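Student: What follows is the file start_32.txt, containing compact mmCIF, C-alpha atoms:
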```
# COMPACT_ATOMS: atom_id res chain seq x y z
CA MET A 1 150.96 4.51 58.84
CA ALA A 2 153.06 7.63 59.41
CA ASP A 3 150.42 9.09 61.72
CA PHE A 4 150.41 5.85 63.74
CA PHE A 5 154.21 5.86 64.09
CA PHE A 6 154.48 9.50 65.15
CA GLY A 7 151.66 8.91 67.62
CA LEU A 8 153.78 6.40 69.52
CA PRO A 9 155.73 7.45 72.65
CA VAL A 10 159.11 9.04 71.92
CA VAL A 11 160.96 6.18 73.62
CA VAL A 12 159.22 3.61 71.41
CA GLN A 13 160.01 5.66 68.30
CA ALA A 14 163.67 5.79 69.32
CA VAL A 15 163.80 2.01 69.85
CA VAL A 16 162.16 1.33 66.49
CA LYS A 17 164.54 3.68 64.69
CA GLY A 18 167.53 2.12 66.42
CA LEU A 19 166.45 -1.39 65.45
CA ALA A 20 165.85 -0.22 61.89
CA VAL A 21 169.42 1.09 61.68
CA ILE A 22 170.90 -2.13 63.12
CA LEU A 23 168.78 -4.40 60.89
CA PHE A 24 169.86 -2.39 57.84
CA ILE A 25 173.56 -1.87 58.52
CA PHE A 26 174.48 -5.42 59.56
CA PRO A 27 173.26 -7.20 56.40
CA VAL A 28 174.42 -4.39 54.09
CA ALA A 29 177.90 -4.41 55.66
CA ALA A 30 178.00 -8.19 55.28
CA ALA A 31 176.91 -7.84 51.66
CA CYS A 32 179.71 -5.31 51.09
CA SER A 33 182.20 -7.82 52.46
CA MET A 34 181.02 -10.44 49.97
CA ALA A 35 180.79 -7.89 47.16
CA GLU A 36 184.39 -6.83 47.76
CA ARG A 37 185.57 -10.38 47.22
CA LYS A 38 183.54 -10.65 44.03
CA VAL A 39 184.84 -7.30 42.78
CA SER A 40 188.43 -8.30 43.54
CA ALA A 41 187.86 -11.59 41.74
CA TRP A 42 186.42 -9.77 38.74
CA ILE A 43 189.39 -7.39 38.61
CA GLN A 44 191.87 -10.28 38.94
CA ARG A 45 189.96 -12.53 36.50
CA ARG A 46 189.12 -15.36 38.89
CA PRO A 47 185.78 -16.82 40.10
CA GLY A 48 185.79 -15.61 43.70
CA PRO A 49 183.57 -17.28 46.35
CA ASN A 50 181.26 -19.69 44.52
CA ARG A 51 181.13 -22.94 46.53
CA SER A 52 179.19 -22.18 49.72
CA ILE A 53 175.64 -23.58 49.79
CA PRO A 54 173.44 -24.89 52.63
CA PRO A 55 173.25 -28.71 52.43
CA PHE A 56 169.44 -28.72 52.56
CA LEU A 57 169.27 -26.57 49.40
CA VAL A 58 171.42 -28.82 47.23
CA GLY A 59 169.40 -30.08 44.28
CA ILE A 60 166.72 -27.39 44.40
CA PRO A 61 166.42 -25.62 41.02
CA GLY A 62 167.94 -22.16 40.99
CA THR A 63 170.18 -22.60 44.02
CA ARG A 64 173.22 -23.52 41.92
CA PHE A 65 172.98 -20.19 40.12
CA LEU A 66 172.93 -18.35 43.45
CA GLN A 67 175.85 -20.49 44.55
CA ARG A 68 177.93 -19.43 41.55
CA LEU A 69 177.13 -15.80 42.35
CA GLY A 70 178.49 -16.38 45.86
CA LEU A 71 175.33 -15.22 47.65
CA TRP A 72 175.38 -18.13 50.10
CA GLN A 73 178.81 -16.94 51.27
CA LEU A 74 177.00 -14.37 53.45
CA MET A 75 175.32 -17.15 55.40
CA ALA A 76 178.59 -19.06 55.72
CA ASP A 77 180.49 -16.04 57.02
CA GLY A 78 177.76 -15.09 59.48
CA GLY A 79 177.57 -18.59 60.90
CA LYS A 80 181.34 -18.85 61.14
CA PHE A 81 181.75 -15.60 63.07
CA VAL A 82 178.81 -16.19 65.41
CA PHE A 83 179.52 -19.81 66.35
CA LYS A 84 183.31 -19.85 66.18
CA GLU A 85 185.06 -20.10 69.55
CA GLU A 86 185.93 -16.66 70.94
CA PRO A 87 189.66 -16.41 71.78
CA LEU A 88 190.60 -14.36 74.84
CA PRO A 89 194.41 -14.17 75.19
CA ASP A 90 195.74 -14.14 78.75
CA HIS A 91 197.98 -11.11 78.25
CA VAL A 92 195.27 -8.61 77.19
CA HIS A 93 193.42 -6.06 79.33
CA ARG A 94 190.18 -8.00 79.23
CA VAL A 95 187.60 -5.27 79.89
CA TYR A 96 189.00 -2.82 77.35
CA TYR A 97 189.83 -5.61 74.90
CA THR A 98 186.16 -6.64 74.88
CA LEU A 99 184.88 -3.06 74.88
CA ALA A 100 186.87 -1.87 71.84
CA PRO A 101 184.78 -3.65 69.12
CA VAL A 102 181.57 -2.36 70.73
CA ILE A 103 182.88 1.20 70.72
CA ALA A 104 183.74 0.80 67.03
CA MET A 105 180.10 0.05 66.25
CA VAL A 106 178.52 2.99 68.10
CA PRO A 107 179.75 5.91 65.92
CA ALA A 108 179.20 3.90 62.74
CA PHE A 109 175.58 3.23 63.63
CA THR A 110 174.87 6.66 65.12
CA THR A 111 175.93 8.69 62.07
CA VAL A 112 173.42 6.82 59.90
CA THR A 113 170.53 8.41 61.79
CA VAL A 114 171.31 11.98 60.62
CA VAL A 115 171.95 11.15 56.95
CA PRO A 116 168.88 11.70 54.69
CA PHE A 117 168.36 8.78 52.32
CA GLY A 118 165.45 9.95 50.17
CA ALA A 119 162.53 12.36 49.91
CA TYR A 120 158.82 12.64 49.16
CA LEU A 121 156.52 15.42 47.96
CA ASP A 122 154.17 17.11 50.41
CA PRO A 123 150.63 18.18 49.32
CA HIS A 124 152.02 21.56 48.20
CA GLY A 125 154.70 19.99 45.98
CA GLY A 126 157.57 20.65 48.37
CA VAL A 127 160.33 18.10 48.82
CA VAL A 128 160.50 16.63 52.34
CA PRO A 129 163.66 14.61 53.19
CA LEU A 130 163.47 11.09 54.60
CA VAL A 131 165.80 10.89 57.60
CA LEU A 132 165.66 9.21 60.99
CA ALA A 133 166.80 12.32 62.90
CA ASN A 134 166.30 15.52 60.95
CA VAL A 135 168.78 17.75 62.81
CA ASP A 136 169.84 21.15 61.52
CA ILE A 137 173.52 20.60 62.35
CA GLY A 138 173.70 17.77 59.79
CA ILE A 139 177.31 17.49 58.62
CA LEU A 140 178.63 18.71 61.98
CA ALA A 141 176.88 15.80 63.71
CA VAL A 142 178.39 13.35 61.21
CA PHE A 143 181.92 14.68 61.71
CA ALA A 144 181.60 14.95 65.49
CA VAL A 145 180.28 11.43 66.02
CA ALA A 146 182.37 9.72 63.34
CA SER A 147 185.57 11.14 64.84
CA LEU A 148 184.88 9.16 68.02
CA GLY A 149 185.52 5.92 66.15
CA ILE A 150 189.26 6.45 66.49
CA TYR A 151 189.01 5.64 70.20
CA SER A 152 188.05 2.04 69.43
CA LEU A 153 191.20 1.51 67.32
CA ILE A 154 193.43 3.11 69.93
CA LEU A 155 191.77 1.09 72.70
CA ALA A 156 192.05 -2.16 70.73
CA GLY A 157 195.74 -1.58 70.08
CA TRP A 158 196.53 -0.68 73.68
CA ALA A 159 194.32 -3.35 75.30
CA SER A 160 195.93 -6.10 73.19
CA ASN A 161 199.15 -5.49 75.17
CA SER A 162 201.23 -6.38 72.12
CA LYS A 163 203.62 -4.22 70.11
CA TYR A 164 202.11 -4.64 66.63
CA PRO A 165 198.52 -3.84 67.65
CA PHE A 166 199.82 -0.90 69.67
CA LEU A 167 201.69 0.47 66.64
CA GLY A 168 198.51 0.06 64.59
CA GLY A 169 196.56 2.09 67.15
CA VAL A 170 199.20 4.84 67.12
CA ARG A 171 199.15 4.94 63.34
CA ALA A 172 195.35 5.12 63.35
CA SER A 173 195.30 8.09 65.71
CA ALA A 174 197.89 10.04 63.68
CA GLN A 175 196.28 9.25 60.32
CA LEU A 176 192.69 10.04 61.24
CA ILE A 177 193.58 13.31 62.98
CA SER A 178 195.67 14.35 59.98
CA TYR A 179 192.98 13.82 57.37
CA GLU A 180 190.04 15.09 59.45
CA LEU A 181 191.37 18.63 59.02
CA SER A 182 191.40 18.41 55.22
CA MET A 183 188.01 16.72 55.11
CA THR A 184 186.39 19.43 57.24
CA LEU A 185 187.95 22.26 55.23
CA SER A 186 186.86 20.64 51.95
CA VAL A 187 183.14 20.91 52.77
CA LEU A 188 183.22 24.50 54.04
CA PRO A 189 182.99 25.99 50.50
CA VAL A 190 179.84 23.92 49.94
CA PHE A 191 178.09 25.38 52.97
CA LEU A 192 179.39 28.87 52.24
CA TRP A 193 177.67 28.65 48.87
CA VAL A 194 174.49 27.02 50.17
CA ASN A 195 173.95 29.55 52.97
CA GLU A 196 173.45 32.67 50.90
CA PRO A 197 173.54 36.10 52.58
CA GLY A 198 170.21 36.86 54.20
CA SER A 199 169.16 33.20 54.49
CA SER A 200 168.91 31.26 57.73
CA GLY A 201 172.21 29.45 58.24
CA SER A 202 172.10 25.66 58.24
CA LEU A 203 174.49 22.72 58.14
CA SER A 204 171.74 20.34 57.02
CA LEU A 205 172.66 17.84 54.34
CA ALA A 206 169.11 18.11 53.02
CA ARG A 207 169.72 21.83 52.42
CA VAL A 208 172.73 20.93 50.25
CA VAL A 209 170.59 18.57 48.15
CA ALA A 210 167.85 21.19 47.89
CA PHE A 211 170.40 23.69 46.57
CA GLN A 212 171.39 21.18 43.86
CA SER A 213 167.73 20.71 42.89
CA GLY A 214 167.41 23.69 40.55
CA THR A 215 166.45 23.43 36.89
CA SER A 216 168.89 26.01 35.54
CA GLY A 217 172.01 27.98 36.40
CA TRP A 218 174.36 27.27 39.29
CA GLY A 219 171.58 25.90 41.50
CA GLY A 220 170.95 22.78 39.44
CA ALA A 221 174.61 21.86 38.95
CA TRP A 222 176.05 19.22 41.22
CA PHE A 223 178.90 20.37 43.43
CA LEU A 224 181.06 17.66 41.85
CA PHE A 225 181.26 19.93 38.79
CA THR A 226 181.25 23.34 40.47
CA MET A 227 183.67 22.32 43.25
CA PRO A 228 185.78 19.48 41.84
CA VAL A 229 188.77 20.21 44.11
CA SER A 230 186.56 20.00 47.21
CA ALA A 231 185.15 16.70 45.96
CA LEU A 232 188.65 15.33 45.32
CA ILE A 233 189.94 16.36 48.76
CA PHE A 234 186.86 14.92 50.47
CA ALA A 235 187.19 11.63 48.56
CA VAL A 236 190.90 11.20 49.39
CA ALA A 237 190.32 12.09 53.04
CA LEU A 238 187.39 9.66 53.12
CA PHE A 239 189.68 6.82 52.03
CA ALA A 240 192.06 7.72 54.86
CA GLU A 241 189.30 8.14 57.46
CA THR A 242 187.82 4.72 56.69
CA ASN A 243 191.25 2.98 56.66
CA ARG A 244 190.78 1.88 53.07
CA GLN A 245 193.70 1.00 50.85
CA PRO A 246 195.95 2.73 49.88
CA PHE A 247 195.55 4.38 53.32
CA ASP A 248 195.14 1.22 55.43
CA MET A 249 198.22 1.90 57.57
CA PRO A 250 196.54 0.97 60.91
CA GLU A 251 196.09 -2.63 59.69
CA SER A 252 198.99 -3.02 57.26
CA GLU A 253 199.72 -6.74 57.31
CA ALA A 254 203.02 -6.23 55.49
CA ASP A 255 204.67 -4.71 58.55
CA LEU A 256 202.14 -5.00 61.41
CA VAL A 257 200.87 -8.60 60.93
CA GLY A 258 197.26 -7.38 61.18
CA GLY A 259 197.48 -4.03 62.90
CA PHE A 260 195.24 -3.01 65.79
CA HIS A 261 193.11 -6.19 65.50
CA THR A 262 195.96 -8.72 65.43
CA GLU A 263 194.92 -10.29 68.76
CA TYR A 264 191.20 -10.46 67.83
CA GLY A 265 189.26 -13.31 66.28
CA ALA A 266 185.77 -14.65 65.60
CA PHE A 267 182.85 -12.32 66.36
CA LYS A 268 184.91 -9.51 67.94
CA TRP A 269 187.12 -9.39 64.85
CA SER A 270 184.09 -9.21 62.57
CA LEU A 271 182.65 -6.24 64.48
CA PHE A 272 185.64 -4.10 63.48
CA PHE A 273 184.97 -4.81 59.82
CA VAL A 274 181.23 -4.30 60.13
CA ALA A 275 182.10 -0.89 61.56
CA GLU A 276 184.56 -0.23 58.72
CA TYR A 277 181.99 -1.06 56.06
CA ALA A 278 179.34 0.93 57.93
CA ASN A 279 181.66 3.94 57.92
CA MET A 280 182.27 3.39 54.23
CA ILE A 281 178.51 3.30 53.57
CA VAL A 282 177.91 6.49 55.55
CA GLY A 283 180.89 8.20 53.90
CA SER A 284 179.61 7.23 50.45
CA ALA A 285 176.15 8.53 51.38
CA VAL A 286 177.55 11.86 52.58
CA PHE A 287 179.65 12.18 49.42
CA SER A 288 176.56 11.52 47.30
CA LEU A 289 174.57 14.15 49.20
CA LEU A 290 177.31 16.78 49.05
CA PHE A 291 178.64 16.34 45.53
CA LEU A 292 176.33 14.05 43.51
CA GLY A 293 172.95 15.72 43.97
CA GLY A 294 171.57 13.27 46.54
CA TRP A 295 168.27 11.84 45.27
CA ASN A 296 168.21 13.97 42.09
CA LEU A 297 168.72 11.76 39.04
CA LEU A 298 170.75 14.18 36.91
CA PRO A 299 172.04 17.76 37.09
CA TRP A 300 169.21 20.21 36.41
CA LEU A 301 166.71 17.34 36.71
CA PRO A 302 165.43 17.45 40.32
CA LEU A 303 163.26 14.76 41.85
CA ALA A 304 160.04 16.79 41.65
CA THR A 305 160.54 17.48 37.92
CA LEU A 306 161.35 13.82 37.27
CA MET A 307 158.19 12.57 38.97
CA GLU A 308 156.02 15.18 37.25
CA GLY A 309 157.56 14.14 33.92
CA LEU A 310 156.80 10.46 34.58
CA HIS A 311 153.24 11.42 35.49
CA HIS A 312 152.89 13.45 32.28
CA VAL A 313 154.34 10.71 30.04
CA THR A 314 152.45 7.74 31.53
CA GLY A 315 149.34 9.51 32.76
CA TRP A 316 149.54 7.58 36.05
CA ALA A 317 148.76 9.59 39.16
CA PHE A 318 150.70 6.96 41.09
CA TRP A 319 153.98 8.73 40.25
CA LEU A 320 152.95 11.71 42.38
CA HIS A 321 151.97 9.56 45.38
CA PRO A 322 154.34 10.06 48.35
CA LEU A 323 155.10 6.32 48.42
CA ALA A 324 156.17 6.27 44.77
CA VAL A 325 158.25 9.42 45.13
CA GLY A 326 159.90 8.01 48.24
CA LEU A 327 160.75 4.69 46.58
CA VAL A 328 162.16 6.35 43.45
CA SER A 329 164.24 8.80 45.50
CA ILE A 330 165.63 5.99 47.67
CA ALA A 331 166.45 3.92 44.56
CA ILE A 332 168.35 6.84 42.98
CA PHE A 333 170.22 7.59 46.17
CA VAL A 334 171.12 3.95 46.87
CA ALA A 335 172.39 3.57 43.28
CA LYS A 336 174.77 6.50 43.81
CA VAL A 337 175.94 5.10 47.15
CA LEU A 338 176.59 1.67 45.64
CA ALA A 339 178.51 3.23 42.76
CA THR A 340 180.67 5.12 45.24
CA ILE A 341 181.26 1.96 47.28
CA PHE A 342 182.32 0.20 44.08
CA VAL A 343 184.96 2.90 43.57
CA PHE A 344 186.24 2.19 47.09
CA MET A 345 186.64 -1.48 46.19
CA TRP A 346 188.06 -0.75 42.75
CA VAL A 347 190.79 1.47 44.19
CA ARG A 348 191.69 -1.11 46.83
CA TRP A 349 192.53 -3.72 44.22
CA THR A 350 194.18 -1.28 41.82
CA VAL A 351 196.35 1.21 43.75
CA PRO A 352 199.28 -0.11 45.84
CA ARG A 353 199.54 0.78 49.52
CA PHE A 354 201.44 3.93 50.50
CA ARG A 355 204.25 3.90 53.02
CA TYR A 356 203.43 5.49 56.35
CA ASP A 357 205.69 8.49 55.73
CA GLN A 358 203.95 9.01 52.38
CA VAL A 359 200.56 8.95 54.07
CA MET A 360 201.64 11.66 56.51
CA ARG A 361 203.29 13.70 53.76
CA ILE A 362 200.16 13.61 51.60
CA GLY A 363 197.97 14.61 54.53
CA TRP A 364 200.04 17.49 55.89
CA GLN A 365 202.12 18.76 52.98
CA LYS A 366 199.73 18.20 50.06
CA LEU A 367 196.11 17.85 51.08
CA LEU A 368 195.95 20.38 53.93
CA PRO A 369 197.54 23.31 52.00
CA LEU A 370 195.37 22.45 48.99
CA SER A 371 192.20 22.46 51.12
CA ILE A 372 193.13 25.83 52.68
CA ALA A 373 193.84 27.36 49.25
CA ASN A 374 190.59 25.88 47.92
CA LEU A 375 188.63 27.38 50.82
CA ILE A 376 190.15 30.83 50.33
CA ALA A 377 189.54 30.76 46.57
CA TYR A 378 185.88 29.81 46.94
CA ALA A 379 185.33 32.23 49.81
CA VAL A 380 186.53 35.09 47.61
CA GLY A 381 184.59 33.84 44.59
CA ILE A 382 181.36 33.35 46.56
CA TYR A 383 181.76 36.85 48.05
CA PHE A 384 181.76 38.42 44.57
CA LEU A 385 179.02 36.12 43.21
CA GLN A 386 176.59 36.46 46.12
CA GLY A 387 177.72 39.80 47.60
```
Rewrite the structure from the file as structure tokens, please.
Tutor:
Amino acid sequence: MADFFFGLPVVVQAVVKGLAVILFIFPVAAACSMAERKVSAWIQRRPGPNRSIPPFLVGIPGTRFLQRLGLWQLMADGGKFVFKEEPLPDHVHRVYYTLAPVIAMVPAFTTVTVVPFGAYLDPHGGVVPLVLANVDIGILAVFAVASLGIYSLILAGWASNSKYPFLGGVRASAQLISYELSMTLSVLPVFLWVNEPGSSGSLSLARVVAFQSGTSGWGGAWFLFTMPVSALIFAVALFAETNRQPFDMPESEADLVGGFHTEYGAFKWSLFFVAEYANMIVGSAVFSLLFLGGWNLLPWLPLATLMEGLHHVTGWAFWLHPLAVGLVSIAIFVAKVLATIFVFMWVRWTVPRFRYDQVMRIGWQKLLPLSIANLIAYAVGIYFLQG
């Protein structure tokens, strides 16, 4: 199957990969939207969405259970956003107003292609990452493309030709620029440690996971434990970069009605939130790769050792088959991503929103100096450890 795919023309491969990303992100982002409502309901001790059900499924055994879980809410939301009448206010700049939601989707979908989501074992026992575009610049590509998403918020706020959306766009630009600095500085110690003296330099996320795939010593420890300050800075900056509460200043309904998307409705409005959840998924995936060992189940228990152990215990050669290794690695990685997404939702319904001046103070006066001090400390420590 792999030989058939890689034998196709490059253009066809690109189209297939692009469709795969779109067909994955859209339903997962929609599922995150429904899951957030269920998580908030669980935290607040209420049922949450549990009434939506297609009329033609009423009375079929098992559908009531799915209804109580709220799974049919996905279908209801999708139908509502697709078929609802699209408002187009007279006072907006129509071309840019329509273009802004599309621009929001592009960076969110593009960054997915360079994030490895699993691995398999080659005939020699080496671990080969599963990724749509295996580029050596890895994290740099994620940061460079993801930073373009700010233009959609600025454009939406300006094109709405209204004061509250415009203020939301201004807030978004200031907030995202502020926290991008701390986020970038927080990952530098990771790549300083991974790229040992004498090795070929790389910014690949797969290289980071490979470094955390040892069975003893520093190599097998996850960076969450060896670099907890970097992980904390990255997590806080990730909340701010994805506009998640308590850093949702660009869309603060308490003082901006709805922020940059106040004048939007129906399908255009939903695209902004698909992009937000897509960014949250990618951010959670990058955090899992950098600080949680990627597709390794536990510290000092890499994927290859796990699969060899399962083969030894059960006696099944199936565990060493590339398909089995790939499925297990994807399952481990997805579980970590979902756990990280749950933390996003948990914090939203637990921590109150900051004021805008507090957001700026945290970014510039707290997080940035801490990230610089953290970088200097690890640079000196790595020099003595690896020098």
Student: Take every atom of region 24-28 of chain A listed in the file, pad by 3 Å on each side, and give me the axis-aligned box centre and edge lengths in Å, one decimal, as JSON.
Tutor:
```
{"center_x": 172.2, "center_y": -4.5, "center_z": 56.8, "size_x": 10.6, "size_y": 11.3, "size_z": 11.5}
```
Student: For Trp349 (chain A), work out the shell of residues within 7 Å, counting all atoms listed in the file and skipping chain neighbours fewer than 3 positions away, then give it as an mmCIF file with C-alpha atoms, in the coordinates of the input.
Tutor:
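So part-v1.cif came out as:
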```
data_model
loop_
_atom_site.group_PDB
_atom_site.id
_atom_site.type_symbol
_atom_site.label_atom_id
_atom_site.label_comp_id
_atom_site.auth_asym_id
_atom_site.auth_seq_id
_atom_site.Cartn_x
_atom_site.Cartn_y
_atom_site.Cartn_z
ATOM 1 C CA SER A 40 188.430 -8.300 43.540
ATOM 2 C CA MET A 345 186.640 -1.480 46.190
ATOM 3 C CA TRP A 346 188.060 -0.750 42.750
#
```
Student: Check the smallest atom-to-atom distance from each of A:Val236, A:Ala156, A:Leu370, A:Val28 to Tyr277 (chain A) using all atoms listed in the file, then report the winner.
Tutor: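 The shortest atom-to-atom distance to Tyr277 (chain A) comes from A:Val28.
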Student: At a cut-off of 12 Å, can you tabulate as CSV every residue of region 53-80 of chain A near region 258-273 of chain A together with its closest atom pair and the distance in Å to one decimal, using all atoms listed in the file and ordering rows by chain then number?
Tutor:
```
residue,atom,partner,partner_atom,distance
A:Asp77,CA,A:Ser270,CA,9.5
A:Gly78,CA,A:Phe267,CA,9.0
A:Gly79,CA,A:Phe267,CA,9.8
A:Lys80,CA,A:Ala266,CA,7.6
```
Student: Near Ala285 (chain A), counting only C-alpha atoms, which residues have an atom at most 10 Å away, once you skip same-chain residues fewer than 3 positions from it, shown as a PyMOL selection string?
Tutor: chain A and resi 112+115-117+279-282+288-290+292+294+333-334+336-338+340-341
Student: If we count all atoms listed in the file and set the cut-off at 8 Å, which residues sit around Leu153 (chain A), ignoring sequence neighbours fewer than 3 positions away in its own chain? Please answer as JSON, numbers by chain.
Tutor: {"A": [100, 104, 149, 150, 156, 157, 168, 169, 172, 173, 260]}
Student: So that I can see what lies close to Pro228 (chain A), please list as a list in words the residues with an atom at most 12 Å from it, counting only C-alpha atoms and leaving out residues fewer than 4 positions away in the same chain.
Tutor: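 Listed by chain and then number, they are Ser186, Val187, Pro189, Val190, Ala221, Trp222, Phe223, Leu224, Leu232, Ile233, Phe234, Ala235, Leu290, Phe291, Leu292, Ser371, Asn374 and Tyr378 of chain A.
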Student: What lies within 9 Å of Gly126 (chain A) using all atoms listed in the file, ignoring chain neighbours under 5 positions off, as a list in words?
Tutor: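 Here the qualifying residues turn out to be Tyr120, Leu121 and Ala304 of chain A.
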Student: Limited to C-alpha atoms, could you put the picked residues into a file as a compact mmCIF listing (two decimals), in the frame of the given file?
Tutor:
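Just written: part-v3.txt:
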```txt
# COMPACT_ATOMS: atom_id res chain seq x y z
CA TYR A 120 158.82 12.64 49.16
CA LEU A 121 156.52 15.42 47.96
CA ALA A 304 160.04 16.79 41.65
```
Student: Smallest atom-to-atom distance to Gln386 (chain A): which of A:Asn195, A:Asn296, A:Thr314, A:Thr350, using all atoms listed in the file?
Tutor: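 Closest to Gln386 (chain A), using all atoms listed in the file: A:Asn195.
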Student: Return the single residue from A:His91, A:Leu23, A:Leu320, A:Phe191 that is closest to His124 (chain A), with distances computed using only C-alpha atoms.
Tutor: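 Checking each candidate against His124 (chain A), we get A:Leu320 as the closest.
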